[in-house]
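S.K.: Contents of work-v4.cif (mmCIF, N, CA and C atoms) are below:
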data_protein
loop_
_atom_site.group_PDB
_atom_site.id
_atom_site.type_symbol
_atom_site.label_atom_id
_atom_site.label_comp_id
_atom_site.auth_asym_id
_atom_site.auth_seq_id
_atom_site.Cartn_x
_atom_site.Cartn_y
_atom_site.Cartn_z
ATOM 1 N N MET A 1 52.638 55.080 -86.780
ATOM 2 C CA MET A 1 51.993 54.156 -87.702
ATOM 3 C C MET A 1 53.019 53.333 -88.470
ATOM 4 N N ALA A 2 54.102 53.933 -88.945
ATOM 5 C CA ALA A 2 55.072 53.208 -89.757
ATOM 6 C C ALA A 2 55.698 52.059 -88.985
ATOM 7 N N ALA A 3 56.050 52.260 -87.713
ATOM 8 C CA ALA A 3 56.628 51.180 -86.920
ATOM 9 C C ALA A 3 55.630 50.055 -86.764
ATOM 10 N N HIS A 4 54.371 50.391 -86.557
ATOM 11 C CA HIS A 4 53.323 49.383 -86.445
ATOM 12 C C HIS A 4 53.187 48.605 -87.753
ATOM 13 N N ALA A 5 53.215 49.306 -88.870
ATOM 14 C CA ALA A 5 53.107 48.655 -90.176
ATOM 15 C C ALA A 5 54.278 47.715 -90.405
ATOM 16 N N GLU A 6 55.493 48.145 -90.051
ATOM 17 C CA GLU A 6 56.673 47.310 -90.262
ATOM 18 C C GLU A 6 56.607 46.064 -89.396
ATOM 19 N N ALA A 7 56.176 46.211 -88.156
ATOM 20 C CA ALA A 7 56.107 45.075 -87.240
ATOM 21 C C ALA A 7 55.136 44.014 -87.748
ATOM 22 N N GLU A 8 54.091 44.429 -88.425
ATOM 23 C CA GLU A 8 53.106 43.485 -88.937
ATOM 24 C C GLU A 8 53.423 43.015 -90.353
ATOM 25 N N GLY A 9 54.549 43.445 -90.948
ATOM 26 C CA GLY A 9 54.889 43.050 -92.310
ATOM 27 C C GLY A 9 54.045 43.750 -93.354
ATOM 28 N N LYS A 10 53.538 44.903 -93.035
ATOM 29 C CA LYS A 10 52.687 45.644 -93.963
ATOM 30 C C LYS A 10 53.464 46.800 -94.564
ATOM 31 N N VAL A 11 52.765 47.625 -95.291
ATOM 32 C CA VAL A 11 53.395 48.772 -95.917
ATOM 33 C C VAL A 11 52.722 50.061 -95.448
ATOM 34 N N ALA A 12 53.504 51.114 -95.364
ATOM 35 C CA ALA A 12 52.971 52.405 -94.927
ATOM 36 C C ALA A 12 53.202 53.493 -95.964
ATOM 37 N N THR A 13 54.222 53.325 -96.812
ATOM 38 C CA THR A 13 54.534 54.341 -97.816
ATOM 39 C C THR A 13 54.670 53.700 -99.183
ATOM 40 N N ALA A 14 54.542 54.526 -100.217
ATOM 41 C CA ALA A 14 54.633 54.005 -101.588
ATOM 42 C C ALA A 14 55.186 55.070 -102.520
ATOM 43 N N LEU A 15 55.551 54.612 -103.697
ATOM 44 C CA LEU A 15 55.964 55.473 -104.799
ATOM 45 C C LEU A 15 55.217 55.043 -106.049
ATOM 46 N N TYR A 16 54.807 56.009 -106.833
ATOM 47 C CA TYR A 16 54.246 55.752 -108.152
ATOM 48 C C TYR A 16 55.018 56.640 -109.113
ATOM 49 N N VAL A 17 55.727 56.034 -110.037
ATOM 50 C CA VAL A 17 56.601 56.763 -110.953
ATOM 51 C C VAL A 17 56.084 56.579 -112.378
ATOM 52 N N VAL A 18 55.807 57.675 -113.051
ATOM 53 C CA VAL A 18 55.325 57.651 -114.433
ATOM 54 C C VAL A 18 56.528 57.869 -115.358
ATOM 55 N N ILE A 19 56.653 56.993 -116.356
ATOM 56 C CA ILE A 19 57.792 57.016 -117.265
ATOM 57 C C ILE A 19 57.270 57.013 -118.699
ATOM 58 N N GLU A 20 57.715 57.970 -119.488
ATOM 59 C CA GLU A 20 57.336 58.042 -120.904
ATOM 60 C C GLU A 20 58.602 57.944 -121.739
ATOM 61 N N ALA A 21 58.712 56.868 -122.497
ATOM 62 C CA ALA A 21 59.883 56.650 -123.352
ATOM 63 C C ALA A 21 59.775 57.479 -124.628
ATOM 64 N N LYS A 22 60.924 57.764 -125.221
ATOM 65 C CA LYS A 22 60.924 58.361 -126.551
ATOM 66 C C LYS A 22 60.303 57.362 -127.522
ATOM 67 N N PRO A 23 59.774 57.827 -128.657
ATOM 68 C CA PRO A 23 59.034 56.943 -129.569
ATOM 69 C C PRO A 23 59.744 55.647 -129.954
ATOM 70 N N ASP A 24 61.035 55.664 -130.155
ATOM 71 C CA ASP A 24 61.741 54.451 -130.584
ATOM 72 C C ASP A 24 62.454 53.725 -129.455
ATOM 73 N N GLU A 25 62.220 54.117 -128.205
ATOM 74 C CA GLU A 25 62.963 53.553 -127.079
ATOM 75 C C GLU A 25 62.111 52.715 -126.121
ATOM 76 N N GLY A 26 60.873 52.427 -126.491
ATOM 77 C CA GLY A 26 59.981 51.678 -125.611
ATOM 78 C C GLY A 26 60.527 50.322 -125.199
ATOM 79 N N GLU A 27 61.056 49.563 -126.141
ATOM 80 C CA GLU A 27 61.561 48.226 -125.803
ATOM 81 C C GLU A 27 62.785 48.314 -124.910
ATOM 82 N N GLU A 28 63.635 49.304 -125.120
ATOM 83 C CA GLU A 28 64.817 49.438 -124.252
ATOM 84 C C GLU A 28 64.407 49.814 -122.823
ATOM 85 N N VAL A 29 63.395 50.677 -122.685
ATOM 86 C CA VAL A 29 62.899 51.017 -121.347
ATOM 87 C C VAL A 29 62.277 49.783 -120.701
ATOM 88 N N ALA A 30 61.509 49.019 -121.450
ATOM 89 C CA ALA A 30 60.909 47.791 -120.919
ATOM 90 C C ALA A 30 61.993 46.835 -120.422
ATOM 91 N N GLU A 31 63.040 46.670 -121.179
ATOM 92 C CA GLU A 31 64.128 45.778 -120.771
ATOM 93 C C GLU A 31 64.849 46.321 -119.541
ATOM 94 N N PHE A 32 65.071 47.613 -119.486
ATOM 95 C CA PHE A 32 65.672 48.218 -118.298
ATOM 96 C C PHE A 32 64.832 47.907 -117.060
ATOM 97 N N LEU A 33 63.514 48.055 -117.177
ATOM 98 C CA LEU A 33 62.637 47.796 -116.032
ATOM 99 C C LEU A 33 62.643 46.319 -115.645
ATOM 100 N N ARG A 34 62.678 45.433 -116.627
ATOM 101 C CA ARG A 34 62.766 43.996 -116.316
ATOM 102 C C ARG A 34 64.047 43.694 -115.541
ATOM 103 N N GLN A 35 65.156 44.239 -115.983
ATOM 104 C CA GLN A 35 66.440 43.981 -115.341
ATOM 105 C C GLN A 35 66.544 44.657 -113.974
ATOM 106 N N SER A 36 65.793 45.710 -113.764
ATOM 107 C CA SER A 36 65.841 46.436 -112.489
ATOM 108 C C SER A 36 65.312 45.611 -111.323
ATOM 109 N N LYS A 37 64.500 44.618 -111.590
ATOM 110 C CA LYS A 37 63.953 43.796 -110.518
ATOM 111 C C LYS A 37 65.058 43.190 -109.665
ATOM 112 N N ALA A 38 66.140 42.755 -110.284
ATOM 113 C CA ALA A 38 67.247 42.157 -109.523
ATOM 114 C C ALA A 38 67.841 43.160 -108.539
ATOM 115 N N LEU A 39 67.906 44.423 -108.917
ATOM 116 C CA LEU A 39 68.415 45.455 -108.011
ATOM 117 C C LEU A 39 67.456 45.680 -106.848
ATOM 118 N N VAL A 40 66.166 45.697 -107.136
ATOM 119 C CA VAL A 40 65.164 45.907 -106.092
ATOM 120 C C VAL A 40 65.111 44.703 -105.154
ATOM 121 N N ASP A 41 65.333 43.499 -105.684
ATOM 122 C CA ASP A 41 65.350 42.301 -104.833
ATOM 123 C C ASP A 41 66.384 42.424 -103.718
ATOM 124 N N ALA A 42 67.454 43.175 -103.956
ATOM 125 C CA ALA A 42 68.518 43.336 -102.968
ATOM 126 C C ALA A 42 68.206 44.426 -101.935
ATOM 127 N N GLU A 43 67.099 45.122 -102.088
ATOM 128 C CA GLU A 43 66.733 46.190 -101.154
ATOM 129 C C GLU A 43 65.862 45.625 -100.034
ATOM 130 N N PRO A 44 66.363 45.587 -98.807
ATOM 131 C CA PRO A 44 65.566 45.021 -97.713
ATOM 132 C C PRO A 44 64.315 45.834 -97.388
ATOM 133 N N GLY A 45 64.297 47.116 -97.734
ATOM 134 C CA GLY A 45 63.148 47.958 -97.413
ATOM 135 C C GLY A 45 62.072 47.987 -98.470
ATOM 136 N N ALA A 46 62.234 47.254 -99.555
ATOM 137 C CA ALA A 46 61.215 47.226 -100.610
ATOM 138 C C ALA A 46 60.301 46.027 -100.380
ATOM 139 N N THR A 47 59.107 46.293 -99.893
ATOM 140 C CA THR A 47 58.148 45.226 -99.607
ATOM 141 C C THR A 47 57.522 44.686 -100.877
ATOM 142 N N ALA A 48 57.170 45.586 -101.781
ATOM 143 C CA ALA A 48 56.570 45.193 -103.064
ATOM 144 C C ALA A 48 57.048 46.166 -104.126
ATOM 145 N N TRP A 49 57.228 45.666 -105.347
ATOM 146 C CA TRP A 49 57.701 46.514 -106.443
ATOM 147 C C TRP A 49 57.173 45.946 -107.745
ATOM 148 N N PHE A 50 56.625 46.822 -108.574
ATOM 149 C CA PHE A 50 56.079 46.424 -109.865
ATOM 150 C C PHE A 50 56.527 47.405 -110.924
ATOM 151 N N SER A 51 56.948 46.903 -112.074
ATOM 152 C CA SER A 51 57.125 47.756 -113.243
ATOM 153 C C SER A 51 56.015 47.370 -114.207
ATOM 154 N N ILE A 52 55.386 48.379 -114.779
ATOM 155 C CA ILE A 52 54.153 48.194 -115.534
ATOM 156 C C ILE A 52 54.271 48.894 -116.881
ATOM 157 N N GLN A 53 53.723 48.276 -117.928
ATOM 158 C CA GLN A 53 53.690 48.909 -119.246
ATOM 159 C C GLN A 53 52.245 49.111 -119.650
ATOM 160 N N PHE A 54 51.885 50.359 -119.992
ATOM 161 C CA PHE A 54 50.524 50.700 -120.399
ATOM 162 C C PHE A 54 50.361 50.756 -121.908
ATOM 163 N N GLY A 55 51.446 50.964 -122.616
ATOM 164 C CA GLY A 55 51.410 51.080 -124.070
ATOM 165 C C GLY A 55 52.834 51.012 -124.579
ATOM 166 N N PRO A 56 53.046 51.257 -125.866
ATOM 167 C CA PRO A 56 54.384 51.109 -126.449
ATOM 168 C C PRO A 56 55.452 51.974 -125.778
ATOM 169 N N THR A 57 55.060 53.143 -125.264
ATOM 170 C CA THR A 57 56.064 54.044 -124.676
ATOM 171 C C THR A 57 55.701 54.512 -123.261
ATOM 172 N N THR A 58 54.624 54.019 -122.714
ATOM 173 C CA THR A 58 54.155 54.485 -121.400
ATOM 174 C C THR A 58 54.327 53.405 -120.350
ATOM 175 N N PHE A 59 55.052 53.755 -119.288
ATOM 176 C CA PHE A 59 55.406 52.812 -118.233
ATOM 177 C C PHE A 59 55.165 53.450 -116.870
ATOM 178 N N ALA A 60 55.187 52.613 -115.856
ATOM 179 C CA ALA A 60 55.122 53.109 -114.489
ATOM 180 C C ALA A 60 55.840 52.121 -113.584
ATOM 181 N N ILE A 61 56.239 52.621 -112.443
ATOM 182 C CA ILE A 61 56.789 51.787 -111.375
ATOM 183 C C ILE A 61 55.950 52.061 -110.143
ATOM 184 N N PHE A 62 55.569 51.005 -109.458
ATOM 185 C CA PHE A 62 54.904 51.142 -108.161
ATOM 186 C C PHE A 62 55.734 50.383 -107.146
ATOM 187 N N GLY A 63 56.092 51.049 -106.077
ATOM 188 C CA GLY A 63 56.845 50.413 -105.008
ATOM 189 C C GLY A 63 56.187 50.695 -103.677
ATOM 190 N N ALA A 64 56.220 49.713 -102.784
ATOM 191 C CA ALA A 64 55.639 49.863 -101.451
ATOM 192 C C ALA A 64 56.699 49.531 -100.409
ATOM 193 N N PHE A 65 56.660 50.272 -99.313
ATOM 194 C CA PHE A 65 57.713 50.199 -98.311
ATOM 195 C C PHE A 65 57.108 50.227 -96.911
ATOM 196 N N PRO A 66 57.778 49.621 -95.931
ATOM 197 C CA PRO A 66 57.219 49.584 -94.581
ATOM 198 C C PRO A 66 57.226 50.943 -93.888
ATOM 199 N N ASP A 67 58.108 51.839 -94.339
ATOM 200 C CA ASP A 67 58.240 53.130 -93.671
ATOM 201 C C ASP A 67 58.963 54.119 -94.585
ATOM 202 N N GLU A 68 59.101 55.347 -94.115
ATOM 203 C CA GLU A 68 59.752 56.389 -94.902
ATOM 204 C C GLU A 68 61.222 56.061 -95.154
ATOM 205 N N ALA A 69 61.880 55.425 -94.196
ATOM 206 C CA ALA A 69 63.296 55.066 -94.370
ATOM 207 C C ALA A 69 63.467 54.102 -95.542
ATOM 208 N N GLY A 70 62.578 53.136 -95.688
ATOM 209 C CA GLY A 70 62.640 52.199 -96.810
ATOM 210 C C GLY A 70 62.408 52.896 -98.138
ATOM 211 N N ARG A 71 61.456 53.817 -98.148
ATOM 212 C CA ARG A 71 61.179 54.559 -99.381
ATOM 213 C C ARG A 71 62.377 55.425 -99.762
ATOM 214 N N GLN A 72 62.956 56.122 -98.787
ATOM 215 C CA GLN A 72 64.107 56.981 -99.057
ATOM 216 C C GLN A 72 65.313 56.160 -99.506
ATOM 217 N N ALA A 73 65.501 54.978 -98.900
ATOM 218 C CA ALA A 73 66.610 54.113 -99.318
ATOM 219 C C ALA A 73 66.441 53.712 -100.775
ATOM 220 N N HIS A 74 65.211 53.417 -101.178
ATOM 221 C CA HIS A 74 64.965 53.060 -102.577
ATOM 222 C C HIS A 74 65.252 54.249 -103.498
ATOM 223 N N LEU A 75 64.763 55.426 -103.118
ATOM 224 C CA LEU A 75 64.976 56.615 -103.946
ATOM 225 C C LEU A 75 66.456 56.961 -104.079
ATOM 226 N N SER A 76 67.251 56.557 -103.112
ATOM 227 C CA SER A 76 68.697 56.798 -103.150
ATOM 228 C C SER A 76 69.456 55.622 -103.746
ATOM 229 N N GLY A 77 68.738 54.611 -104.198
ATOM 230 C CA GLY A 77 69.361 53.375 -104.658
ATOM 231 C C GLY A 77 69.728 53.357 -106.133
ATOM 232 N N LYS A 78 70.043 52.158 -106.593
ATOM 233 C CA LYS A 78 70.581 51.963 -107.935
ATOM 234 C C LYS A 78 69.555 52.134 -109.060
ATOM 235 N N VAL A 79 68.307 51.725 -108.824
ATOM 236 C CA VAL A 79 67.318 51.826 -109.907
ATOM 237 C C VAL A 79 67.056 53.287 -110.282
ATOM 238 N N PRO A 80 66.711 54.157 -109.319
ATOM 239 C CA PRO A 80 66.516 55.556 -109.722
ATOM 240 C C PRO A 80 67.773 56.189 -110.319
ATOM 241 N N ALA A 81 68.935 55.892 -109.753
ATOM 242 C CA ALA A 81 70.176 56.457 -110.290
ATOM 243 C C ALA A 81 70.380 56.027 -111.739
ATOM 244 N N SER A 82 70.163 54.753 -112.025
ATOM 245 C CA SER A 82 70.321 54.244 -113.395
ATOM 246 C C SER A 82 69.294 54.851 -114.340
ATOM 247 N N LEU A 83 68.059 54.958 -113.870
ATOM 248 C CA LEU A 83 67.001 55.515 -114.720
ATOM 249 C C LEU A 83 67.294 56.975 -115.062
ATOM 250 N N PHE A 84 67.679 57.760 -114.073
ATOM 251 C CA PHE A 84 67.962 59.167 -114.349
ATOM 252 C C PHE A 84 69.214 59.321 -115.210
ATOM 253 N N ALA A 85 70.175 58.413 -115.083
ATOM 254 C CA ALA A 85 71.372 58.465 -115.921
ATOM 255 C C ALA A 85 71.034 58.216 -117.389
ATOM 256 N N LYS A 86 70.016 57.395 -117.648
ATOM 257 C CA LYS A 86 69.628 57.057 -119.021
ATOM 258 C C LYS A 86 68.508 57.958 -119.550
ATOM 259 N N ALA A 87 67.948 58.776 -118.688
ATOM 260 C CA ALA A 87 66.760 59.559 -119.044
ATOM 261 C C ALA A 87 66.960 60.414 -120.284
ATOM 262 N N GLY A 88 68.118 61.016 -120.444
ATOM 263 C CA GLY A 88 68.352 61.920 -121.561
ATOM 264 C C GLY A 88 68.184 61.286 -122.922
ATOM 265 N N TYR A 89 68.568 60.039 -123.067
ATOM 266 C CA TYR A 89 68.451 59.427 -124.389
ATOM 267 C C TYR A 89 67.312 58.409 -124.502
ATOM 268 N N LEU A 90 66.734 57.970 -123.373
ATOM 269 C CA LEU A 90 65.636 57.007 -123.434
ATOM 270 C C LEU A 90 64.253 57.627 -123.260
ATOM 271 N N LEU A 91 64.176 58.684 -122.457
ATOM 272 C CA LEU A 91 62.874 59.182 -122.036
ATOM 273 C C LEU A 91 62.480 60.476 -122.725
ATOM 274 N N ALA A 92 61.176 60.619 -122.971
ATOM 275 C CA ALA A 92 60.636 61.826 -123.586
ATOM 276 C C ALA A 92 60.626 62.991 -122.593
ATOM 277 N N ALA A 93 60.578 62.683 -121.304
ATOM 278 C CA ALA A 93 60.573 63.689 -120.235
ATOM 279 C C ALA A 93 61.117 63.009 -118.985
ATOM 280 N N PRO A 94 61.572 63.791 -118.018
ATOM 281 C CA PRO A 94 62.039 63.165 -116.774
ATOM 282 C C PRO A 94 60.910 62.368 -116.112
ATOM 283 N N PRO A 95 61.223 61.278 -115.430
ATOM 284 C CA PRO A 95 60.185 60.522 -114.719
ATOM 285 C C PRO A 95 59.473 61.417 -113.704
ATOM 286 N N THR A 96 58.190 61.197 -113.535
ATOM 287 C CA THR A 96 57.403 61.920 -112.544
ATOM 288 C C THR A 96 57.215 61.015 -111.334
ATOM 289 N N ILE A 97 57.722 61.463 -110.185
ATOM 290 C CA ILE A 97 57.672 60.650 -108.970
ATOM 291 C C ILE A 97 56.583 61.184 -108.048
ATOM 292 N N HIS A 98 55.665 60.283 -107.670
ATOM 293 C CA HIS A 98 54.598 60.622 -106.734
ATOM 294 C C HIS A 98 54.812 59.808 -105.465
ATOM 295 N N LYS A 99 54.903 60.478 -104.324
ATOM 296 C CA LYS A 99 54.980 59.790 -103.037
ATOM 297 C C LYS A 99 53.572 59.658 -102.484
ATOM 298 N N ALA A 100 53.307 58.536 -101.827
ATOM 299 C CA ALA A 100 51.970 58.301 -101.280
ATOM 300 C C ALA A 100 52.060 57.579 -99.943
ATOM 301 N N ASP A 101 51.023 57.736 -99.150
ATOM 302 C CA ASP A 101 50.854 56.948 -97.931
ATOM 303 C C ASP A 101 49.909 55.810 -98.259
ATOM 304 N N VAL A 102 50.195 54.627 -97.774
ATOM 305 C CA VAL A 102 49.351 53.461 -98.019
ATOM 306 C C VAL A 102 48.289 53.402 -96.916
ATOM 307 N N LEU A 103 47.029 53.386 -97.312
ATOM 308 C CA LEU A 103 45.934 53.313 -96.363
ATOM 309 C C LEU A 103 45.558 51.884 -96.015
ATOM 310 N N ALA A 104 45.686 50.984 -96.987
ATOM 311 C CA ALA A 104 45.379 49.580 -96.764
ATOM 312 C C ALA A 104 46.139 48.773 -97.807
ATOM 313 N N SER A 105 46.452 47.534 -97.484
ATOM 314 C CA SER A 105 47.181 46.689 -98.433
ATOM 315 C C SER A 105 46.837 45.227 -98.215
ATOM 316 N N LYS A 106 47.082 44.434 -99.241
ATOM 317 C CA LYS A 106 46.949 42.988 -99.162
ATOM 318 C C LYS A 106 48.207 42.416 -99.792
ATOM 319 N N LEU A 107 48.957 41.682 -99.006
ATOM 320 C CA LEU A 107 50.194 41.083 -99.466
ATOM 321 C C LEU A 107 50.105 39.569 -99.311
ATOM 322 N N PRO A 108 50.854 38.816 -100.119
ATOM 323 C CA PRO A 108 50.833 37.366 -99.943
ATOM 324 C C PRO A 108 51.426 36.977 -98.593
ATOM 325 N N GLY A 109 50.995 35.830 -98.097
ATOM 326 C CA GLY A 109 51.575 35.301 -96.857
ATOM 327 C C GLY A 109 50.866 35.667 -95.694
#
Now, as a test, write the supplied structure out as structure tokens.

M.R.:
Amino acid sequence: MAAHAEAEGKVATALYVVIEAKPDEGEEVAEFLRQSKALVDAEPGATAWFSIQFGPTTFAIFGAFPDEAGRQAHLSGKVPASLFAKAGYLLAAPPTIHKADVLASKLPG
């Protein structure tokens, strides 16, 4: 399935990461996520990526990938490494990473 998804420009795997900032660190986490887009833009295996803010300290990242190799490359990349390096002083708890299979998607183009 993953090879078929990649050939058609679709996605087969995803990540949903829940991030909770410490009470006074919400804006710094938001800025980190804004700046992280440039790092994700350089990842050829990242089909779609969103950083989302639900409230002053609650954030999430959603990423979609054509296959498991793209997802693993992202997990081994600069954004997760940077986030975990800052987790001790920015985050109330370690990020929670959920891996998922994509059943259907709609992408531009």

S.K.: Within 7 Å of A:Ala100, counting all atoms listed in the file, which residues show up once you throw out same-chain ones fewer than 6 positions away? Write them as a PDB file with N, CA and C atoms, keeping the file's coordinate frame, please.

M.R.:
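So out.pdb came out as:
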ATOM      1  N   ALA A  12      53.504  51.114 -95.364  1.00  0.00           N
ATOM      2  CA  ALA A  12      52.971  52.405 -94.927  1.00  0.00           C
ATOM      3  C   ALA A  12      53.202  53.493 -95.964  1.00  0.00           C
ATOM      4  N   THR A  13      54.222  53.325 -96.812  1.00  0.00           N
ATOM      5  CA  THR A  13      54.534  54.341 -97.816  1.00  0.00           C
ATOM      6  C   THR A  13      54.670  53.700 -99.183  1.00  0.00           C
ATOM      7  N   ALA A  14      54.542  54.526-100.217  1.00  0.00           N
ATOM      8  CA  ALA A  14      54.633  54.005-101.588  1.00  0.00           C
ATOM      9  C   ALA A  14      55.186  55.070-102.520  1.00  0.00           C
ATOM     10  N   LEU A  15      55.551  54.612-103.697  1.00  0.00           N
ATOM     11  CA  LEU A  15      55.964  55.473-104.799  1.00  0.00           C
ATOM     12  C   LEU A  15      55.217  55.043-106.049  1.00  0.00           C
ATOM     13  N   TYR A  16      54.807  56.009-106.833  1.00  0.00           N
ATOM     14  CA  TYR A  16      54.246  55.752-108.152  1.00  0.00           C
ATOM     15  C   TYR A  16      55.018  56.640-109.113  1.00  0.00           C
TER      16      TYR A  16
END

S.K.: Taking all atoms listed in the file into account, which of A:Val11, A:Ala81, A:Ala21, A:Leu103 comes nearest A:Thr58?

M.R.: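 Comparing A:Val11, A:Ala81, A:Ala21, A:Leu103 against A:Thr58, the winner is A:Ala21.
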
S.K.: What does the distance from atom CA of A:His74 to atom CA of A:Gly55 come to in Å, to one decimal?

M.R.: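 Computed distance, atom CA of A:His74 to atom CA of A:Gly55, equals 25.5 Å.
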
S.K.: Which residues fall under the PyMOL selection byres ((chain A and resi 20) around 6.5) in this file, as a list in words?

M.R.: Val18, Ile19, Ala21, Lys22, Thr57, Thr58, Phe59, Leu90, Leu91, Ala92, Ala93, Pro94 and Pro95 of chain A

S.K.: Write out as a ChimeraX atom specification the set of residues from chain A that DSSP, computed on the backbone, places in strand (DSSP E or B).

M.R.: /A:13-21,48-53,58-65,91,96-101

S.K.: Tell me which residues the PyMOL selection byres ((chain A and resi 47) around 6) grabs here, as a list in words.

M.R.: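 Given this file, the PyMOL selection byres ((chain A and resi 47) around 6) evaluates to Pro44, Gly45, Ala46, Ala48, Trp49, Ala64, Phe65 and Pro66 of chain A.
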
S.K.: Between atom CA of A:Tyr89 and atom CA of A:Ala73, what is the distance in Å, rounded to a tenth?

M.R.: 25.7 Å

S.K.: What does the structure give for the distance between atom CA of A:Val102 and atom CA of A:Lys37, in Å to one decimal?

M.R.: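 Going from atom CA of A:Val102 over to atom CA of A:Lys37, I get 21.5 Å.
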
S.K.: If you run DSSP on the backbone, which residues of chain A are helix (DSSP H, G or I), as a short mmCIF file (atom, residue, chain, number, x, y, z; two decimals) with N, CA and C atoms, keeping the file's coordinate frame?

M.R.:
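Everything below was put into states-v1.cif:
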data_model
loop_
_atom_site.label_atom_id
_atom_site.label_comp_id
_atom_site.auth_asym_id
_atom_site.auth_seq_id
_atom_site.Cartn_x
_atom_site.Cartn_y
_atom_site.Cartn_z
N ALA A 2 54.10 53.93 -88.94
CA ALA A 2 55.07 53.21 -89.76
C ALA A 2 55.70 52.06 -88.98
N ALA A 3 56.05 52.26 -87.71
CA ALA A 3 56.63 51.18 -86.92
C ALA A 3 55.63 50.06 -86.76
N HIS A 4 54.37 50.39 -86.56
CA HIS A 4 53.32 49.38 -86.44
C HIS A 4 53.19 48.60 -87.75
N ALA A 5 53.22 49.31 -88.87
CA ALA A 5 53.11 48.66 -90.18
C ALA A 5 54.28 47.72 -90.40
N GLU A 6 55.49 48.14 -90.05
CA GLU A 6 56.67 47.31 -90.26
C GLU A 6 56.61 46.06 -89.40
N ALA A 7 56.18 46.21 -88.16
CA ALA A 7 56.11 45.08 -87.24
C ALA A 7 55.14 44.01 -87.75
N GLY A 26 60.87 52.43 -126.49
CA GLY A 26 59.98 51.68 -125.61
C GLY A 26 60.53 50.32 -125.20
N GLU A 27 61.06 49.56 -126.14
CA GLU A 27 61.56 48.23 -125.80
C GLU A 27 62.78 48.31 -124.91
N GLU A 28 63.64 49.30 -125.12
CA GLU A 28 64.82 49.44 -124.25
C GLU A 28 64.41 49.81 -122.82
N VAL A 29 63.40 50.68 -122.68
CA VAL A 29 62.90 51.02 -121.35
C VAL A 29 62.28 49.78 -120.70
N ALA A 30 61.51 49.02 -121.45
CA ALA A 30 60.91 47.79 -120.92
C ALA A 30 61.99 46.84 -120.42
N GLU A 31 63.04 46.67 -121.18
CA GLU A 31 64.13 45.78 -120.77
C GLU A 31 64.85 46.32 -119.54
N PHE A 32 65.07 47.61 -119.49
CA PHE A 32 65.67 48.22 -118.30
C PHE A 32 64.83 47.91 -117.06
N LEU A 33 63.51 48.06 -117.18
CA LEU A 33 62.64 47.80 -116.03
C LEU A 33 62.64 46.32 -115.64
N ARG A 34 62.68 45.43 -116.63
CA ARG A 34 62.77 44.00 -116.32
C ARG A 34 64.05 43.69 -115.54
N GLN A 35 65.16 44.24 -115.98
CA GLN A 35 66.44 43.98 -115.34
C GLN A 35 66.54 44.66 -113.97
N SER A 36 65.79 45.71 -113.76
CA SER A 36 65.84 46.44 -112.49
C SER A 36 65.31 45.61 -111.32
N LYS A 37 64.50 44.62 -111.59
CA LYS A 37 63.95 43.80 -110.52
C LYS A 37 65.06 43.19 -109.66
N ALA A 38 66.14 42.76 -110.28
CA ALA A 38 67.25 42.16 -109.52
C ALA A 38 67.84 43.16 -108.54
N LEU A 39 67.91 44.42 -108.92
CA LEU A 39 68.42 45.46 -108.01
C LEU A 39 67.46 45.68 -106.85
N VAL A 40 66.17 45.70 -107.14
CA VAL A 40 65.16 45.91 -106.09
C VAL A 40 65.11 44.70 -105.15
N ASP A 41 65.33 43.50 -105.68
CA ASP A 41 65.35 42.30 -104.83
C ASP A 41 66.38 42.42 -103.72
N GLU A 68 59.10 55.35 -94.12
CA GLU A 68 59.75 56.39 -94.90
C GLU A 68 61.22 56.06 -95.15
N ALA A 69 61.88 55.42 -94.20
CA ALA A 69 63.30 55.07 -94.37
C ALA A 69 63.47 54.10 -95.54
N GLY A 70 62.58 53.14 -95.69
CA GLY A 70 62.64 52.20 -96.81
C GLY A 70 62.41 52.90 -98.14
N ARG A 71 61.46 53.82 -98.15
CA ARG A 71 61.18 54.56 -99.38
C ARG A 71 62.38 55.42 -99.76
N GLN A 72 62.96 56.12 -98.79
CA GLN A 72 64.11 56.98 -99.06
C GLN A 72 65.31 56.16 -99.51
N ALA A 73 65.50 54.98 -98.90
CA ALA A 73 66.61 54.11 -99.32
C ALA A 73 66.44 53.71 -100.78
N HIS A 74 65.21 53.42 -101.18
CA HIS A 74 64.96 53.06 -102.58
C HIS A 74 65.25 54.25 -103.50
N LEU A 75 64.76 55.43 -103.12
CA LEU A 75 64.98 56.62 -103.95
C LEU A 75 66.46 56.96 -104.08
N LYS A 78 70.04 52.16 -106.59
CA LYS A 78 70.58 51.96 -107.94
C LYS A 78 69.56 52.13 -109.06
N VAL A 79 68.31 51.72 -108.82
CA VAL A 79 67.32 51.83 -109.91
C VAL A 79 67.06 53.29 -110.28
N PRO A 80 66.71 54.16 -109.32
CA PRO A 80 66.52 55.56 -109.72
C PRO A 80 67.77 56.19 -110.32
N ALA A 81 68.94 55.89 -109.75
CA ALA A 81 70.18 56.46 -110.29
C ALA A 81 70.38 56.03 -111.74
N SER A 82 70.16 54.75 -112.02
CA SER A 82 70.32 54.24 -113.40
C SER A 82 69.29 54.85 -114.34
N LEU A 83 68.06 54.96 -113.87
CA LEU A 83 67.00 55.52 -114.72
C LEU A 83 67.29 56.98 -115.06
N PHE A 84 67.68 57.76 -114.07
CA PHE A 84 67.96 59.17 -114.35
C PHE A 84 69.21 59.32 -115.21
N ALA A 85 70.18 58.41 -115.08
CA ALA A 85 71.37 58.46 -115.92
C ALA A 85 71.03 58.22 -117.39
N LYS A 86 70.02 57.40 -117.65
CA LYS A 86 69.63 57.06 -119.02
C LYS A 86 68.51 57.96 -119.55
N ALA A 87 67.95 58.78 -118.69
CA ALA A 87 66.76 59.56 -119.04
C ALA A 87 66.96 60.41 -120.28
N GLY A 88 68.12 61.02 -120.44
CA GLY A 88 68.35 61.92 -121.56
C GLY A 88 68.18 61.29 -122.92
N TYR A 89 68.57 60.04 -123.07
CA TYR A 89 68.45 59.43 -124.39
C TYR A 89 67.31 58.41 -124.50
N LEU A 90 66.73 57.97 -123.37
CA LEU A 90 65.64 57.01 -123.43
C LEU A 90 64.25 57.63 -123.26
#

S.K.: Would you mind telling me which residue in A:Ser76, A:Ser82, A:Ser105, A:Ser36 lies nearest to A:Ser51 when using only C-alpha atoms?

M.R.: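 Of all the options, A:Ser36 lies closest to A:Ser51.
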